[in-house]
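Below is one structure, written out as structure tokens; comments come after it.
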Amino acid sequence: MPEFTLRQLEYFVAVLDAGSVTDAARRSNVSQAAASMAIGQLERALGVDLFIRSRSKRLVPTQAGAALGARARRILADAAEVPGAVRSGWEELKGSVRIGCMIAISPRLIPPLLADIGRRWPEIELSFVEGAAEELQRAVMDGELDAAFVYSLQTIPGVDPVTIAESRPQIMLAESHPLAQRSSLRFADLAEEDAVLFDVPPSVERVQAMFQSIGVEPRVRWKSVVAENIRGIVSSGRAYSVTNVWKGMEEHFAAAGVVTVPVSDPTPPNYVVAAVPPGLRRPRRVEAVLDAARSIATGAPDDVPPDGGPVGLP
């Protein structure tokens with residue numbers, strides 16, 4: 001494919017209109033040498049002569065030059081419209097948005113998010129993939145995803161975390177469990193209880209580290225990568241689990257026959273965040289999806305702009 005630039009076409013059209021390199025260079029605010037060099041490079045790239053010098057010393061287009069003139073004007077006109085077209089698409093609430101979501105977060109966030117986006121902005125085409133935190137964030141860095149919902153404790157270098165909601169570890173118990181009515185629990189209260197933990201790295205390791213930090217070794221009997229399995233085992237009263245809870249999740253647990261009790265022991269701060277490409281201005285449609293996720297996760301009304309905040313286990 002011939003290699004030429006829009007700048008070369010611009011100078012070619014200027015010479016075509018002016019009839020001389022000197023006048024074209026003056027109108028284009030460049031040196032005569034720069035304009036002449038651009039025309040020469042364009043001729044070499046296309047393999048044809050574009051101008052001949054007439055008796056009046058004006059430059060007259062050859063047959064190839066005349067044919068190129070019409071095309072060059074169309075190309076330059078189309079190129080001039082590109083910024084406006086891009087800005088228009090950038091600001092519109094329509095088009096594709098590709099998100100990733102950690103498996104631990106997905107059941108709580110994706111169904112209401114799809115419903116909310118479909119109701120409020122039906123022209124936004126929202127698609128999602130699920131996976132582990134690191135692989136999703138690498139997909140963001142590679143440009144395959146617009147954003148990935150992960151926990152802030154699992155963010156990796158190379159992404160910017162945008163706060164969605166604060167998340168606190170809580171103990172998940174069956175409604176009938178003797179400890180279910182407590183206002184808070186210490187890890188030591190569970191030392192003799194069986195646990196079932198979410199088995200997508202590093203969830204188990206983080207839970208164990210929280211227990212061990214206050215001198216308790218959790219009695220992990222089962223592990224599962226399926227959230228529904230964990231809730232089912234917990235609701236049967238056979239084990240407890242540790243889960244991250246944010247404000248908009250109350251109905252999620254109430255429907256599962258389990259309760260969550262806050263942890264009174266110190267725990268590291270954690271947030272649900274959207275990992276996004278660093279330093280880039282995001283299209284309005286992506287911002288709309290992040291705002292909708294924030295409203296769902298914090299329980300804020302749809303029509304109230306959510307407050308910002310600091311960034312941040314199943």
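Labeling convention for the structure tokens: chains A, B, ... as they appear, residues from 1 per chain, ligands from 1 in order of appearance.
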
For region 17-30 of chain A: contacts at 9 Å, only C-alpha atoms, fewer than 3 positions along chain excluded, given as an NGL selection string: :A and (10-14 or 33-36 or 57-61)

Report as JSON lines the residues of region 224-252 of chain A within 10 Å of region 199-218 of chain A, each with its shortest atom pair and distance in Å (one decimal), using only C-alpha atoms, ordered by chain and increasing residue number.
{"residue": "A:Ser224", "atom": "CA", "partner": "A:Asp199", "partner_atom": "CA", "distance": 5.2}
{"residue": "A:Val225", "atom": "CA", "partner": "A:Asp199", "partner_atom": "CA", "distance": 5.0}
{"residue": "A:Val226", "atom": "CA", "partner": "A:Asp199", "partner_atom": "CA", "distance": 8.4}
{"residue": "A:Ala227", "atom": "CA", "partner": "A:Asp199", "partner_atom": "CA", "distance": 9.7}
{"residue": "A:Ser241", "atom": "CA", "partner": "A:Val207", "partner_atom": "CA", "distance": 9.5}
{"residue": "A:Val242", "atom": "CA", "partner": "A:Val207", "partner_atom": "CA", "distance": 7.2}
{"residue": "A:Thr243", "atom": "CA", "partner": "A:Val207", "partner_atom": "CA", "distance": 9.1}

Just to be explicit: take each residue in the selection above, keep N, CA and C atoms, and write the result as a compact mmCIF listing (two decimals), in the first residue's frame.
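The result, written out as result.txt:
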# COMPACT_ATOMS: atom_id res chain seq x y z
N SER A 224 -15.33 -23.75 48.05
CA SER A 224 -16.14 -23.82 46.83
C SER A 224 -15.90 -22.58 45.99
N VAL A 225 -16.02 -22.75 44.68
CA VAL A 225 -15.93 -21.59 43.78
C VAL A 225 -17.31 -21.12 43.36
N VAL A 226 -18.36 -21.74 43.91
CA VAL A 226 -19.74 -21.40 43.55
C VAL A 226 -20.41 -20.75 44.76
N ALA A 227 -20.78 -19.47 44.60
CA ALA A 227 -21.37 -18.73 45.71
C ALA A 227 -22.66 -19.38 46.21
N SER A 241 -19.42 -18.77 56.87
CA SER A 241 -18.49 -18.28 55.86
C SER A 241 -18.15 -16.83 56.17
N VAL A 242 -17.17 -16.31 55.47
CA VAL A 242 -16.79 -14.90 55.59
C VAL A 242 -17.03 -14.26 54.24
N THR A 243 -17.76 -13.18 54.24
CA THR A 243 -18.12 -12.53 52.99
C THR A 243 -17.95 -11.03 53.10

Can you pull out the residues contacting Ala297 (chain A)? Cut-off 8 Å, using only C-alpha atoms, and skip same-chain residues under 4 positions away; I want them as a PDB file with C-alpha atoms, in the first residue's frame.
ATOM      1  CA  LEU A 109     -23.853  -6.772  40.939  1.00  0.00           C
ATOM      2  CA  ILE A 164     -17.792   1.926  43.762  1.00  0.00           C
ATOM      3  CA  ALA A 165     -18.605   1.075  47.408  1.00  0.00           C
ATOM      4  CA  TRP A 246     -21.586  -3.443  51.023  1.00  0.00           C
ATOM      5  CA  LYS A 247     -24.655  -1.370  51.720  1.00  0.00           C
ATOM      6  CA  GLY A 248     -26.776  -2.362  48.730  1.00  0.00           C
ATOM      7  CA  MET A 249     -26.592  -6.097  49.482  1.00  0.00           C
ATOM      8  CA  ALA A 293     -22.956   0.202  39.660  1.00  0.00           C
TER       9      ALA A 293
END

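Note that the spacing between CA of Leu16 (chain A) and CA of Phe4 (chain A) amounts to 17.2 Å.
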
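Atom pair CA of Thr298 (chain A) / CA of Ser184 (chain A): separated by 21.1 Å.
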
Which of region 7-217 of chain A fall in alpha helix (DSSP H), as an MDAnalysis selection string: chainID A and resid 7:18 21:28 32:46 63:91 106:120 133:141 203:212

Write the selection just made, keeping C-alpha atoms, as an mmCIF file, in the first residue's frame?
data_model
loop_
_atom_site.group_PDB
_atom_site.id
_atom_site.type_symbol
_atom_site.label_atom_id
_atom_site.label_comp_id
_atom_site.auth_asym_id
_atom_site.auth_seq_id
_atom_site.Cartn_x
_atom_site.Cartn_y
_atom_site.Cartn_z
ATOM 1 C CA ARG A 7 -0.309 16.664 5.453
ATOM 2 C CA GLN A 8 1.095 15.767 2.045
ATOM 3 C CA LEU A 9 -2.422 15.703 0.586
ATOM 4 C CA GLU A 10 -3.139 19.069 2.220
ATOM 5 C CA TYR A 11 -0.085 20.669 0.581
ATOM 6 C CA PHE A 12 -0.925 18.996 -2.742
ATOM 7 C CA VAL A 13 -4.416 20.538 -2.716
ATOM 8 C CA ALA A 14 -2.935 23.899 -1.714
ATOM 9 C CA VAL A 15 -0.588 23.790 -4.737
ATOM 10 C CA LEU A 16 -3.477 22.677 -6.914
ATOM 11 C CA ASP A 17 -5.488 25.718 -5.832
ATOM 12 C CA ALA A 18 -2.636 28.245 -5.828
ATOM 13 C CA VAL A 21 4.499 25.997 -4.536
ATOM 14 C CA THR A 22 5.453 29.460 -3.339
ATOM 15 C CA ASP A 23 1.872 30.688 -3.010
ATOM 16 C CA ALA A 24 0.709 27.366 -1.543
ATOM 17 C CA ALA A 25 3.446 27.470 1.095
ATOM 18 C CA ARG A 26 2.515 31.040 2.046
ATOM 19 C CA ARG A 27 -1.196 30.143 2.394
ATOM 20 C CA SER A 28 -0.316 27.057 4.443
ATOM 21 C CA GLN A 32 8.535 26.651 0.318
ATOM 22 C CA ALA A 33 11.072 23.870 0.897
ATOM 23 C CA ALA A 34 8.670 21.961 3.195
ATOM 24 C CA ALA A 35 5.801 22.202 0.702
ATOM 25 C CA SER A 36 8.031 21.177 -2.219
ATOM 26 C CA MET A 37 9.424 18.237 -0.242
ATOM 27 C CA ALA A 38 5.891 17.060 0.647
ATOM 28 C CA ILE A 39 4.827 17.090 -3.014
ATOM 29 C CA GLY A 40 7.947 15.159 -3.993
ATOM 30 C CA GLN A 41 7.352 12.557 -1.279
ATOM 31 C CA LEU A 42 3.725 12.181 -2.393
ATOM 32 C CA GLU A 43 4.770 11.686 -6.030
ATOM 33 C CA ARG A 44 7.330 9.042 -5.016
ATOM 34 C CA ALA A 45 4.793 7.245 -2.802
ATOM 35 C CA LEU A 46 2.228 7.118 -5.633
ATOM 36 C CA GLN A 63 -4.059 13.652 -15.559
ATOM 37 C CA ALA A 64 -3.050 11.703 -12.455
ATOM 38 C CA GLY A 65 -2.854 14.939 -10.457
ATOM 39 C CA ALA A 66 -6.337 15.999 -11.549
ATOM 40 C CA ALA A 67 -7.741 12.579 -10.623
ATOM 41 C CA LEU A 68 -6.034 12.721 -7.235
ATOM 42 C CA GLY A 69 -7.342 16.231 -6.594
ATOM 43 C CA ALA A 70 -10.971 15.135 -6.298
ATOM 44 C CA ARG A 71 -10.110 12.183 -4.087
ATOM 45 C CA ALA A 72 -7.753 14.241 -1.934
ATOM 46 C CA ARG A 73 -10.451 16.845 -1.248
ATOM 47 C CA ARG A 74 -12.880 14.094 -0.154
ATOM 48 C CA ILE A 75 -10.255 12.464 2.049
ATOM 49 C CA LEU A 76 -9.376 15.765 3.726
ATOM 50 C CA ALA A 77 -13.060 16.622 4.209
ATOM 51 C CA ASP A 78 -13.716 13.232 5.810
ATOM 52 C CA ALA A 79 -10.643 13.594 8.025
ATOM 53 C CA ALA A 80 -11.848 17.006 9.211
ATOM 54 C CA GLU A 81 -15.088 15.413 10.417
ATOM 55 C CA VAL A 82 -13.367 12.707 12.456
ATOM 56 C CA PRO A 83 -12.835 14.748 15.680
ATOM 57 C CA GLY A 84 -16.475 15.847 15.757
ATOM 58 C CA ALA A 85 -17.711 12.324 15.085
ATOM 59 C CA VAL A 86 -15.489 10.897 17.804
ATOM 60 C CA ARG A 87 -16.519 13.560 20.332
ATOM 61 C CA SER A 88 -20.165 12.977 19.507
ATOM 62 C CA GLY A 89 -19.853 9.221 20.090
ATOM 63 C CA TRP A 90 -17.815 9.919 23.214
ATOM 64 C CA GLU A 91 -20.609 11.942 24.768
ATOM 65 C CA SER A 106 -20.748 -10.908 39.896
ATOM 66 C CA PRO A 107 -23.957 -12.501 41.329
ATOM 67 C CA ARG A 108 -24.559 -9.457 43.510
ATOM 68 C CA LEU A 109 -23.853 -6.772 40.939
ATOM 69 C CA ILE A 110 -24.296 -7.992 37.358
ATOM 70 C CA PRO A 111 -28.039 -8.918 37.354
ATOM 71 C CA PRO A 112 -29.240 -5.582 38.809
ATOM 72 C CA LEU A 113 -26.703 -3.672 36.703
ATOM 73 C CA LEU A 114 -27.936 -5.238 33.455
ATOM 74 C CA ALA A 115 -31.531 -4.492 34.453
ATOM 75 C CA ASP A 116 -30.741 -0.887 35.406
ATOM 76 C CA ILE A 117 -28.765 -0.117 32.255
ATOM 77 C CA GLY A 118 -31.414 -1.767 30.070
ATOM 78 C CA ARG A 119 -34.128 0.325 31.695
ATOM 79 C CA ARG A 120 -32.364 3.684 31.773
ATOM 80 C CA ALA A 133 -9.164 -10.228 39.687
ATOM 81 C CA GLU A 134 -5.718 -10.272 38.087
ATOM 82 C CA GLU A 135 -6.766 -11.678 34.713
ATOM 83 C CA LEU A 136 -9.613 -9.164 34.433
ATOM 84 C CA GLN A 137 -7.328 -6.243 35.233
ATOM 85 C CA ARG A 138 -4.795 -7.395 32.649
ATOM 86 C CA ALA A 139 -7.628 -7.439 30.109
ATOM 87 C CA VAL A 140 -8.322 -3.797 31.055
ATOM 88 C CA MET A 141 -4.645 -2.939 30.562
ATOM 89 C CA SER A 203 -9.872 -15.160 48.995
ATOM 90 C CA VAL A 204 -9.058 -18.135 51.257
ATOM 91 C CA GLU A 205 -5.616 -16.780 52.031
ATOM 92 C CA ARG A 206 -6.981 -13.361 52.991
ATOM 93 C CA VAL A 207 -9.610 -14.843 55.314
ATOM 94 C CA GLN A 208 -7.035 -17.051 56.995
ATOM 95 C CA ALA A 209 -4.693 -14.075 57.400
ATOM 96 C CA MET A 210 -7.422 -12.031 59.126
ATOM 97 C CA PHE A 211 -8.067 -14.844 61.639
ATOM 98 C CA GLN A 212 -4.367 -15.499 62.193
#

Backbone-only DSSP, strand (DSSP E or B) members of region 24-273 of chain A, as a ChimeraX atom specification: /A:51-53,59-61,95-102,124-131,147-151,160-174,185,194-198,219-224,240-245,258-263,270-273

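Using only C-alpha atoms for every distance, the candidate list A:Glu123, A:Asp265, A:Glu130, A:Asp194 yields A:Asp265 as the residue closest to Gln170 (chain A).
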
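The two atoms in question, CA of Leu50 (chain A) and CA of Leu6 (chain A), are spaced 16.1 Å apart.
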
Residue with smallest distance to Ile171 (chain A) - pool A:Leu197, A:Ala104, A:Ala256, A:Ala288, counting only C-alpha atoms: A:Leu197

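Using only C-alpha atoms, the nearest neighbour of Ala147 (chain A) within the list A:Val162, A:Leu179, A:Val261, A:Ala275 is A:Ala275.
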
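Minimum atom-to-atom distances from A:Arg98, A:Thr5, A:Asn244, A:Gly257 to Ser176 (chain A) were compared using only C-alpha atoms, and the lowest value belongs to A:Gly257.
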
Selection: 12 Å around Asp146 (chain A), only C-alpha atoms, excl. self and same-chain fewer than 5 positions, as a VMD selection string: chain A and resid 96 to 101 126 to 129 136 to 141 159 to 160 274 to 278 280 to 287 289 to 290

Nearest-residue call for Met102 (chain A), choices A:Val234, A:Val272, A:Ala300, A:Ala239, using only C-alpha atoms: A:Val272
